[in-house]
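Okay, model-v9.csv is below, CSV, C-alpha atoms and all ligand atoms:
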```
chain,number,residue,atom,x,y,z
A,8,MET,CA,18.6,-17.4,15.8
A,9,GLU,CA,18.1,-14.3,18.0
A,10,ALA,CA,15.0,-12.1,17.6
A,11,LEU,CA,14.5,-8.4,17.2
A,12,ARG,CA,11.9,-7.3,19.8
A,13,PHE,CA,10.0,-4.2,20.7
A,14,GLU,CA,10.6,-3.9,24.4
A,15,GLN,CA,8.8,-0.7,25.1
A,16,LEU,CA,6.3,1.2,23.0
A,17,PHE,CA,5.3,4.8,23.5
A,18,ALA,CA,2.7,6.8,21.6
A,19,ARG,CA,1.2,10.3,22.0
A,20,GLN,CA,-1.5,11.7,19.8
A,21,TRP,CA,-1.2,8.8,17.4
A,22,ARG,CA,-4.6,8.3,15.7
A,23,ASN,CA,-7.2,7.5,18.3
A,24,LEU,CA,-4.8,6.0,20.9
A,25,ALA,CA,-4.8,7.4,24.4
A,26,PRO,CA,-1.3,8.1,25.8
A,27,LEU,CA,0.4,4.8,25.5
A,28,ASP,CA,3.5,3.4,27.3
A,29,LEU,CA,3.6,-0.4,27.3
A,30,ALA,CA,6.1,-3.2,27.6
A,31,PRO,CA,5.1,-5.9,25.1
A,32,GLY,CA,5.6,-9.6,25.7
A,33,ALA,CA,8.7,-11.2,24.2
A,34,ARG,CA,6.7,-13.8,22.2
A,35,PHE,CA,2.9,-13.4,21.5
A,36,ASN,CA,1.0,-10.2,22.0
A,37,VAL,CA,-2.7,-10.8,21.4
A,38,ILE,CA,-4.5,-7.5,21.0
A,39,SER,CA,-8.2,-7.7,21.2
A,40,GLY,CA,-11.2,-5.4,21.2
A,41,ASP,CA,-14.3,-4.6,19.3
A,42,ASN,CA,-14.3,-3.1,15.8
A,43,GLY,CA,-13.0,0.4,15.5
A,44,GLN,CA,-11.4,0.6,18.9
A,45,GLY,CA,-7.7,1.2,17.9
A,46,LYS,CA,-6.2,-2.3,17.5
A,47,SER,CA,-4.9,-1.7,14.0
A,48,ASN,CA,-3.8,1.8,15.0
A,49,LEU,CA,-1.5,0.2,17.5
A,50,LEU,CA,-0.1,-2.3,14.9
A,51,GLU,CA,0.3,0.6,12.5
A,52,ALA,CA,2.5,2.4,15.1
A,53,LEU,CA,4.8,-0.6,15.3
A,54,CYS,CA,4.9,-1.0,11.6
A,55,TYR,CA,5.7,2.7,11.1
A,56,LEU,CA,8.6,2.5,13.5
A,57,GLY,CA,10.0,-0.4,11.6
A,58,SER,CA,9.3,0.7,8.0
A,59,LEU,CA,8.5,4.4,8.1
A,60,GLN,CA,5.3,3.6,6.2
A,61,SER,CA,1.7,3.3,7.1
A,62,PHE,CA,0.5,-0.1,5.9
A,63,ARG,CA,-2.8,1.6,5.0
A,64,GLY,CA,-0.9,4.0,2.8
A,65,ALA,CA,-2.0,6.9,5.1
A,66,PRO,CA,-0.3,10.3,4.9
A,67,ALA,CA,1.0,11.9,8.1
A,68,GLU,CA,-2.2,14.0,8.3
A,69,GLU,CA,-4.2,11.0,9.1
A,70,LEU,CA,-1.8,9.5,11.6
A,71,VAL,CA,-2.0,12.5,13.9
A,72,SER,CA,-4.9,12.5,16.3
A,73,ARG,CA,-7.7,14.7,15.0
A,74,ASP,CA,-7.3,17.3,17.8
A,75,ALA,CA,-3.5,17.6,17.7
A,76,ASP,CA,-0.8,19.1,15.4
A,77,SER,CA,1.7,16.4,15.7
A,78,ALA,CA,2.1,12.8,17.0
A,79,VAL,CA,5.1,11.0,18.5
A,80,ILE,CA,5.7,7.2,18.6
A,81,ALA,CA,8.8,5.7,20.0
A,82,ALA,CA,10.2,2.2,20.9
A,83,LYS,CA,13.1,0.5,22.5
A,84,VAL,CA,14.2,-2.4,20.3
A,85,SER,CA,16.4,-5.2,21.6
A,86,GLY,CA,18.3,-7.8,19.6
A,87,PRO,CA,21.8,-8.1,18.2
A,88,PRO,CA,24.0,-6.4,17.5
A,89,ALA,CA,22.8,-3.7,20.0
A,90,PRO,CA,19.7,-2.3,21.5
A,91,HIS,CA,18.3,0.9,19.9
A,92,THR,CA,15.7,3.5,20.5
A,93,LEU,CA,13.5,4.7,17.6
A,94,LYS,CA,11.5,7.9,17.8
A,95,VAL,CA,9.4,9.6,15.1
A,96,ARG,CA,7.4,12.8,15.2
A,97,VAL,CA,4.9,13.3,12.4
A,98,HIS,CA,3.2,16.6,11.7
A,99,ARG,CA,-0.1,17.7,10.3
A,100,GLY,CA,0.2,20.3,7.6
A,101,GLY,CA,3.1,19.2,5.5
A,102,LYS,CA,6.0,19.7,7.9
A,103,ALA,CA,8.6,16.9,7.4
A,104,ARG,CA,8.7,14.1,10.0
A,105,GLU,CA,11.5,14.1,12.5
A,106,LEU,CA,13.5,10.9,13.2
A,107,ALA,CA,15.7,10.1,16.1
A,108,LEU,CA,17.7,6.9,16.3
A,109,ASP,CA,19.3,6.6,19.7
A,110,ASP,CA,18.5,10.3,20.3
A,111,LYS,CA,20.4,11.4,17.1
A,112,ARG,CA,19.3,12.1,13.6
A,113,PRO,CA,20.0,8.9,11.6
A,114,ARG,CA,22.7,9.0,8.9
A,115,SER,CA,20.1,8.0,6.3
A,116,VAL,CA,16.7,6.5,6.0
A,117,ALA,CA,18.4,3.2,5.1
A,118,THR,CA,20.2,3.2,8.4
A,119,TRP,CA,16.8,3.5,10.2
A,120,LEU,CA,15.2,0.8,8.1
A,121,GLY,CA,18.0,-1.6,9.0
A,122,VAL,CA,17.3,-1.3,12.8
A,123,CYS,CA,14.0,-3.3,13.1
A,124,PRO,CA,12.5,-4.5,9.9
A,125,VAL,CA,9.0,-6.0,10.4
A,126,VAL,CA,6.9,-8.4,8.5
A,127,LEU,CA,3.2,-7.4,8.3
A,128,PHE,CA,0.1,-9.2,7.2
A,129,HIS,CA,-3.2,-7.3,6.9
A,130,PRO,CA,-6.4,-8.1,5.2
A,131,GLY,CA,-5.5,-6.0,2.1
A,132,ASP,CA,-2.7,-8.5,1.4
A,133,LEU,CA,-5.4,-10.9,0.1
A,134,GLU,CA,-4.9,-8.9,-3.1
A,135,LEU,CA,-1.7,-11.0,-3.5
A,136,ALA,CA,-3.8,-14.1,-4.3
A,137,GLN,CA,-7.0,-12.4,-5.5
A,138,GLY,CA,-5.6,-9.6,-7.6
A,139,GLY,CA,-3.4,-9.1,-10.7
A,140,PRO,CA,0.4,-9.5,-10.9
A,141,ASP,CA,1.1,-5.9,-9.8
A,142,ALA,CA,0.6,-6.6,-6.1
A,143,ARG,CA,2.8,-9.8,-6.3
A,144,ARG,CA,5.6,-7.9,-8.1
A,145,ALA,CA,5.3,-5.2,-5.4
A,146,LEU,CA,5.7,-7.8,-2.7
A,147,LEU,CA,9.0,-9.1,-4.2
A,148,ASP,CA,10.2,-5.5,-4.7
A,149,ALA,CA,9.4,-4.6,-1.1
A,150,ILE,CA,11.1,-7.7,0.3
A,151,LEU,CA,14.2,-7.1,-1.8
A,152,SER,CA,14.3,-3.4,-1.0
A,153,GLU,CA,14.1,-4.2,2.7
A,154,MET,CA,17.0,-6.6,2.4
A,155,ASP,CA,19.2,-4.5,0.1
A,156,PRO,CA,19.0,-0.7,-0.3
A,157,SER,CA,20.9,-1.0,-3.6
A,158,TYR,CA,17.9,-3.0,-5.0
A,159,ALA,CA,15.6,-0.1,-4.2
A,160,ALA,CA,18.0,2.3,-6.0
A,161,THR,CA,18.0,0.0,-9.1
A,162,LEU,CA,14.3,-0.2,-9.0
A,163,ALA,CA,14.0,3.6,-9.0
A,164,THR,CA,16.5,3.9,-11.9
A,165,TYR,CA,14.5,1.3,-13.9
A,166,GLY,CA,11.1,3.0,-13.1
A,167,LYS,CA,12.4,6.4,-14.2
A,168,ALA,CA,13.9,5.1,-17.5
A,169,LEU,CA,10.7,3.2,-18.2
A,170,ARG,CA,8.5,6.2,-17.6
A,171,SER,CA,10.7,8.4,-19.9
A,172,ARG,CA,10.6,5.7,-22.6
A,173,ASN,CA,6.8,5.4,-22.3
A,174,ARG,CA,6.4,9.2,-22.5
A,175,LEU,CA,8.4,9.4,-25.7
A,176,LEU,CA,6.4,6.5,-27.2
A,177,ARG,CA,3.2,8.5,-26.7
A,178,GLU,CA,4.5,11.6,-28.4
A,179,GLU,CA,2.7,12.7,-31.6
A,180,MET,CA,5.9,12.5,-33.7
A,181,PRO,CA,7.9,9.8,-31.8
A,182,ASP,CA,11.6,10.0,-32.1
A,183,ARG,CA,12.9,6.4,-32.4
A,184,ARG,CA,16.4,7.3,-31.5
A,185,ALA,CA,15.4,9.1,-28.4
A,186,ILE,CA,13.2,6.2,-27.4
A,187,THR,CA,15.9,3.6,-27.9
A,188,SER,CA,18.4,5.7,-26.1
A,189,PHE,CA,16.7,4.4,-22.9
A,190,ASP,CA,17.0,0.7,-23.9
A,191,PRO,CA,20.5,0.1,-22.4
A,192,ILE,CA,19.5,1.4,-19.0
A,193,VAL,CA,16.2,-0.4,-19.0
A,194,ALA,CA,18.0,-3.6,-20.0
A,195,SER,CA,20.9,-3.4,-17.5
A,196,ALA,CA,18.7,-2.3,-14.5
A,197,GLY,CA,16.0,-4.7,-15.6
A,198,ALA,CA,18.4,-7.7,-15.6
A,199,VAL,CA,19.5,-6.9,-12.1
A,200,LEU,CA,15.9,-6.7,-10.9
A,201,GLY,CA,14.9,-9.9,-12.7
A,202,ARG,CA,17.8,-12.0,-11.4
A,203,ALA,CA,17.3,-10.8,-7.8
A,204,ARG,CA,13.5,-11.6,-8.0
A,205,GLU,CA,14.3,-15.0,-9.5
A,206,GLU,CA,16.7,-15.8,-6.7
A,207,LEU,CA,14.3,-14.6,-4.0
A,208,VAL,CA,11.4,-16.7,-5.4
A,209,ARG,CA,13.7,-19.8,-5.4
A,210,GLU,CA,14.0,-19.2,-1.6
A,211,ILE,CA,10.4,-18.3,-0.8
A,212,ALA,CA,8.7,-20.8,-3.0
A,213,PRO,CA,9.5,-24.0,-1.0
A,214,VAL,CA,8.8,-22.3,2.3
A,215,THR,CA,5.4,-21.0,1.0
A,216,VAL,CA,4.4,-24.5,-0.3
A,217,ARG,CA,5.5,-26.2,2.9
A,218,VAL,CA,3.7,-23.7,5.2
A,219,ALA,CA,0.5,-23.7,3.1
A,220,GLY,CA,0.6,-27.5,3.1
A,221,GLU,CA,0.9,-27.5,6.9
A,222,ILE,CA,-2.0,-25.1,7.4
A,223,LEU,CA,-4.2,-26.9,4.9
A,224,GLY,CA,-3.4,-30.2,6.6
A,225,GLY,CA,-1.9,-32.1,3.7
A,226,GLU,CA,-0.3,-31.9,0.4
A,227,ILE,CA,-2.1,-29.8,-2.1
A,228,PRO,CA,-0.7,-29.4,-5.6
A,229,LEU,CA,0.6,-25.9,-5.1
A,230,GLU,CA,3.2,-24.1,-7.0
A,231,VAL,CA,5.0,-20.7,-6.6
A,232,ARG,CA,7.0,-19.7,-9.6
A,233,TYR,CA,8.7,-16.7,-11.0
A,234,VAL,CA,7.7,-16.2,-14.6
A,235,PRO,CA,9.8,-13.5,-16.3
A,236,ARG,CA,8.4,-11.9,-19.4
A,237,VAL,CA,11.9,-11.9,-20.8
A,238,PRO,CA,14.8,-14.0,-19.4
A,239,PRO,CA,16.6,-11.7,-16.9
A,240,SER,CA,19.7,-11.0,-18.9
A,241,GLU,CA,20.8,-7.7,-20.4
A,242,GLU,CA,21.1,-9.1,-23.9
A,243,ALA,CA,17.7,-10.8,-23.8
A,244,ILE,CA,15.9,-7.6,-22.6
A,245,LEU,CA,17.7,-5.4,-25.1
A,246,GLU,CA,16.8,-7.8,-27.9
A,247,ALA,CA,13.1,-7.9,-26.8
A,248,LEU,CA,13.0,-4.1,-26.6
A,249,VAL,CA,14.3,-3.8,-30.2
A,250,ARG,CA,12.0,-6.5,-31.4
A,251,SER,CA,8.9,-4.9,-29.9
A,252,LEU,CA,9.6,-1.3,-30.8
A,253,ASP,CA,6.9,-1.1,-33.5
A,254,LYS,CA,4.3,-2.7,-31.3
A,255,ASP,CA,5.3,-0.4,-28.4
A,256,LEU,CA,4.8,2.6,-30.7
A,257,ALA,CA,1.4,1.4,-31.7
A,258,ARG,CA,0.3,0.8,-28.1
A,259,GLY,CA,2.1,3.7,-26.5
A,260,PHE,CA,3.9,1.7,-23.8
A,261,THR,CA,6.8,-0.6,-23.3
A,262,ALA,CA,5.6,-4.2,-23.3
A,263,GLU,CA,8.8,-6.1,-22.6
A,264,GLY,CA,10.8,-6.1,-19.4
A,265,PRO,CA,10.6,-7.1,-15.7
A,266,HIS,CA,7.7,-4.6,-15.1
A,267,ALA,CA,5.6,-7.3,-16.8
A,268,ASP,CA,7.0,-10.3,-14.9
A,269,GLU,CA,4.7,-12.5,-12.8
A,270,LEU,CA,5.0,-14.3,-9.5
A,271,ALA,CA,2.7,-17.2,-10.3
A,272,LEU,CA,0.7,-18.7,-7.5
A,273,GLU,CA,-1.0,-21.9,-8.7
A,274,VAL,CA,-3.2,-24.5,-7.2
A,275,HIS,CA,-3.8,-27.7,-9.2
A,276,ALA,CA,-1.6,-26.1,-11.9
A,277,ARG,CA,-4.0,-23.2,-12.3
A,278,GLY,CA,-3.9,-19.6,-11.2
A,279,ALA,CA,-4.9,-19.2,-7.5
A,280,LYS,CA,-6.9,-16.1,-8.4
A,281,HIS,CA,-9.6,-18.1,-10.3
A,282,HIS,CA,-9.0,-21.6,-9.1
A,283,ALA,CA,-8.3,-21.5,-5.4
A,284,SER,CA,-11.0,-21.4,-2.7
A,285,GLN,CA,-11.1,-18.3,-0.5
A,286,GLY,CA,-9.6,-20.3,2.3
A,287,GLN,CA,-6.8,-21.6,0.1
A,288,GLN,CA,-6.1,-18.0,-1.1
A,289,ARG,CA,-5.9,-16.8,2.5
A,290,THR,CA,-3.6,-19.7,3.4
A,291,LEU,CA,-1.4,-19.0,0.5
A,292,VAL,CA,-1.0,-15.3,1.4
A,293,LEU,CA,-0.3,-16.2,5.1
A,294,ALA,CA,2.3,-18.8,3.9
A,295,LEU,CA,3.9,-16.1,1.7
A,296,LYS,CA,4.2,-13.9,4.7
A,297,VAL,CA,5.8,-16.6,6.8
A,298,ALA,CA,8.2,-17.3,3.9
A,299,GLU,CA,9.0,-13.6,3.8
A,300,LEU,CA,9.8,-13.7,7.6
A,301,GLU,CA,12.0,-16.8,7.2
A,302,VAL,CA,14.0,-15.4,4.2
A,303,LEU,CA,14.4,-12.0,5.8
A,304,ALA,CA,15.6,-13.6,9.1
A,305,LYS,CA,18.1,-15.7,7.2
A,306,ARG,CA,19.5,-12.7,5.3
A,307,ILE,CA,19.7,-10.3,8.3
A,308,GLY,CA,20.6,-13.0,10.9
A,309,ARG,CA,17.8,-12.0,13.3
A,310,VAL,CA,14.1,-12.8,13.4
A,311,PRO,CA,12.0,-9.7,12.7
A,312,PRO,CA,8.8,-9.0,14.6
A,313,LEU,CA,5.7,-10.4,12.8
A,314,LEU,CA,2.6,-8.2,12.8
A,315,LEU,CA,-0.7,-9.8,12.0
A,316,ASP,CA,-3.8,-7.6,11.6
A,317,ASP,CA,-7.1,-9.4,12.0
A,318,VAL,CA,-5.7,-12.8,11.1
A,319,SER,CA,-8.1,-15.0,13.0
A,320,SER,CA,-11.0,-14.0,10.8
A,321,GLU,CA,-9.1,-15.3,7.7
A,322,LEU,CA,-9.2,-19.0,8.4
A,323,ASP,CA,-11.6,-21.6,9.7
A,324,ARG,CA,-11.1,-23.0,13.2
A,325,THR,CA,-8.9,-26.0,12.3
A,326,ARG,CA,-6.7,-24.0,10.0
A,327,ASN,CA,-6.4,-21.3,12.6
A,328,GLU,CA,-5.2,-23.8,15.1
A,329,ARG,CA,-2.6,-25.2,12.7
A,330,PHE,CA,-1.4,-21.7,11.8
A,331,PHE,CA,-1.0,-20.8,15.5
A,332,ALA,CA,0.8,-24.2,16.1
A,333,LEU,CA,3.2,-23.2,13.4
A,334,LEU,CA,3.8,-19.8,14.8
A,335,ALA,CA,4.4,-21.3,18.2
A,336,GLU,CA,7.2,-23.4,16.7
A,337,MET,CA,8.8,-20.4,15.1
A,338,GLY,CA,10.9,-18.0,17.2
A,339,GLY,CA,10.4,-14.2,17.3
A,340,GLN,CA,8.0,-11.7,18.6
A,341,VAL,CA,4.5,-11.6,17.3
A,342,PHE,CA,1.7,-9.0,17.6
A,343,LEU,CA,-1.7,-10.0,16.4
A,344,THR,CA,-5.1,-8.2,16.5
A,345,THR,CA,-8.4,-10.0,16.8
A,346,THR,CA,-12.0,-9.4,17.8
A,347,HIS,CA,-12.1,-13.0,19.1
A,348,PRO,CA,-9.2,-13.7,21.4
A,349,GLU,CA,-10.7,-17.1,22.3
A,350,LEU,CA,-10.0,-18.3,18.8
A,351,ILE,CA,-6.3,-17.7,19.2
A,352,ARG,CA,-4.9,-21.0,20.4
A,353,LEU,CA,-1.6,-20.0,21.9
A,354,ALA,CA,-0.8,-21.2,25.3
A,355,GLU,CA,2.8,-20.3,26.0
A,356,GLY,CA,4.4,-16.9,26.0
A,357,ARG,CA,1.1,-15.2,25.5
A,358,VAL,CA,0.4,-11.7,26.7
A,359,ASP,CA,-3.2,-10.3,26.2
A,360,TRP,CA,-4.0,-6.7,25.6
A,361,HIS,CA,-7.4,-5.1,25.4
A,362,VAL,CA,-8.2,-2.0,23.4
A,363,GLU,CA,-11.3,0.1,24.0
A,364,ALA,CA,-11.8,3.6,22.7
A,365,GLY,CA,-8.1,3.9,22.1
A,366,ARG,CA,-7.1,2.9,25.6
A,367,VAL,CA,-4.8,-0.2,25.7
A,368,THR,CA,-4.8,-2.2,28.9
A,369,ARG,CA,-3.3,-5.5,29.9
A,370,ALA,CA,-6.0,-8.2,29.9
A,371,VAL,CA,-6.1,-11.0,32.4
B,1,LIG,N1,-6.2,10.6,13.1
B,1,LIG,C1,-7.2,10.1,13.9
B,1,LIG,N2,-7.6,10.7,15.0
B,1,LIG,C2,-8.5,10.2,15.8
B,1,LIG,N3,-9.1,9.0,15.6
B,1,LIG,C3,-8.8,8.3,14.5
B,1,LIG,C4,-7.8,8.8,13.6
B,1,LIG,N4,-7.6,7.9,12.6
B,1,LIG,C5,-8.5,6.9,12.9
B,1,LIG,N5,-9.2,7.2,14.0
B,1,LIG,C6,-10.2,6.3,14.7
B,1,LIG,O1,-9.6,5.1,15.0
B,1,LIG,C7,-10.6,4.1,15.0
B,1,LIG,C8,-10.2,2.9,14.1
B,1,LIG,O2,-9.2,2.2,14.8
B,1,LIG,P1,-8.6,0.9,14.2
B,1,LIG,O3,-8.6,0.9,12.7
B,1,LIG,O4,-7.3,0.7,14.9
B,1,LIG,O5,-9.7,-0.1,14.6
B,1,LIG,P2,-9.7,-1.6,15.0
B,1,LIG,O6,-9.8,-1.8,16.4
B,1,LIG,O7,-8.5,-2.3,14.3
B,1,LIG,O8,-11.0,-2.1,14.3
B,1,LIG,P3,-11.4,-3.3,13.3
B,1,LIG,O9,-11.6,-4.5,14.2
B,1,LIG,O10,-12.7,-2.8,12.8
B,1,LIG,O11,-10.4,-3.4,12.3
B,1,LIG,C9,-11.9,4.7,14.4
B,1,LIG,O12,-12.8,4.9,15.4
B,1,LIG,C10,-11.3,6.0,13.7
B,1,LIG,O13,-12.3,7.0,13.7
```
Whole structure, structure tokens version:
Amino acid sequence: MEALRFEQLFARQWRNLAPLDLAPGARFNVISGDNGQGKSNLLEALCYLGSLQSFRGAPAEELVSRDADSAVIAAKVSGPPAPHTLKVRVHRGGKARELALDDKRPRSVATWLGVCPVVLFHPGDLELAQGGPDARRALLDAILSEMDPSYAATLATYGKALRSRNRLLREEMPDRRAITSFDPIVASAGAVLGRAREELVREIAPVTVRVAGEILGGEIPLEVRYVPRVPPSEEAILEALVRSLDKDLARGFTAEGPHADELALEVHARGAKHHASQGQQRTLVLALKVAELEVLAKRIGRVPPLLLDDVSSELDRTRNERFFALLAEMGGQVFLTTTHPELIRLAEGRVDWHVEAGRVTRAV
């Protein structure tokens, strides 16, 4: 399968980066440097070009260099069906960002997002194994929204209806009729979300288990399952909403529906949060990201770039080596940041970059 690749990256006034104009390697780009030098800022620029979001949740204000009013990042992207150029200008002070796709305003944000989707791992993703179900649901929703803009629209419809229903549940004199008027929309949108998530988990679960097994060097009894609160059918959700109305009124929120579904990650048949070692949790999260990459590649017919922030510090030496061996077998362009480039056991197709005080140079 062909890969989507960043062929040229340009940045001006982006965070602490000095003016940047570089031609990344087609396979592995190892970005090293001490703490606080700008490695993640570089990865954030690539991620923003692909997803129009900062993976640190930063507003535009923070992306612009402290002594500038606006920042520009741009890239040439190669890969089927055609090469493209992406250019974004973000401003300080609330002015809307400007997007140029092949030098023209894109027809929609969805058009832009379809050009070069990326898969990102950053240390905050450990929340997927160590935190509650919210982060895991959000991962499923993010993957599905990336693959299908209509999923994102259904998610927005569901969220809006749920918030309205919850607001009415909390009123001093709740109006049952008004509350239940939202049930059909919660049920129909909810069933679409639940079925799509169930299907996605059927695809990512075997990949996650296989990859985690490979990194851990053997079979561990690992399971990845979708556990819906209510079976994802319109009738079942509607029935559950009716059944729990009295309880919902007492608690002031809607208990039933896909907002309460779980993506269960289990080791030895117990939740990874409490029963997996830190190394196993990290492995599981990296394996989930590789699964995301594989599933996304299959759906869009191209391998998206993989961005790994500070991945070498997540695993011990042996597991690191196994992880990099696995990456070497997979196709596609990879960018990874590290403070210890010597720990990155990649021989072929490797280009090293060094970042110091925001200046990015080719390392030899
Ligand atoms: N808008 C901004 N303008 C100027 N400098 C900024 C801006 N935002 C962040 N920085 C600086 O960028 C640096 C952090 O860069 P970055 O997060 O990329 O570090 P890193 O090399 O990934 O480090 P670590 O290894 O610690 O993760 C800090 O020195 C910070 O002060």
Determine the nearest neighbour of ligand LIG 1 (chain B) from the options A:Trp119, A:Phe17, A:Phe62, A:Phe35, counting only C-alpha atoms and all ligand atoms.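 Among the listed residues, A:Phe62 lies closest to ligand LIG 1 (chain B).
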Looking at A:Ala262, A:Leu313, A:Leu303, A:Leu56, which one is nearest to A:Leu176, with distances taken over all atoms listed in the file? A:Ala262
Nearest candidate to A:Val95 (options A:Leu133, A:Ala18, A:Leu169, A:Leu146; using all atoms listed in the file): A:Ala18
Could you list, as number ranges by chain, all the residues within 6 Å of ligand LIG 1 (chain B), counting only C-alpha atoms and all ligand atoms? A: 22-23, 41-48, 69-73
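Each of A:Asp148, A:Asp132, A:Glu349, A:Glu205 was checked against A:Ser240 using all atoms listed in the file; the smallest atom-to-atom distance is that of A:Glu205.
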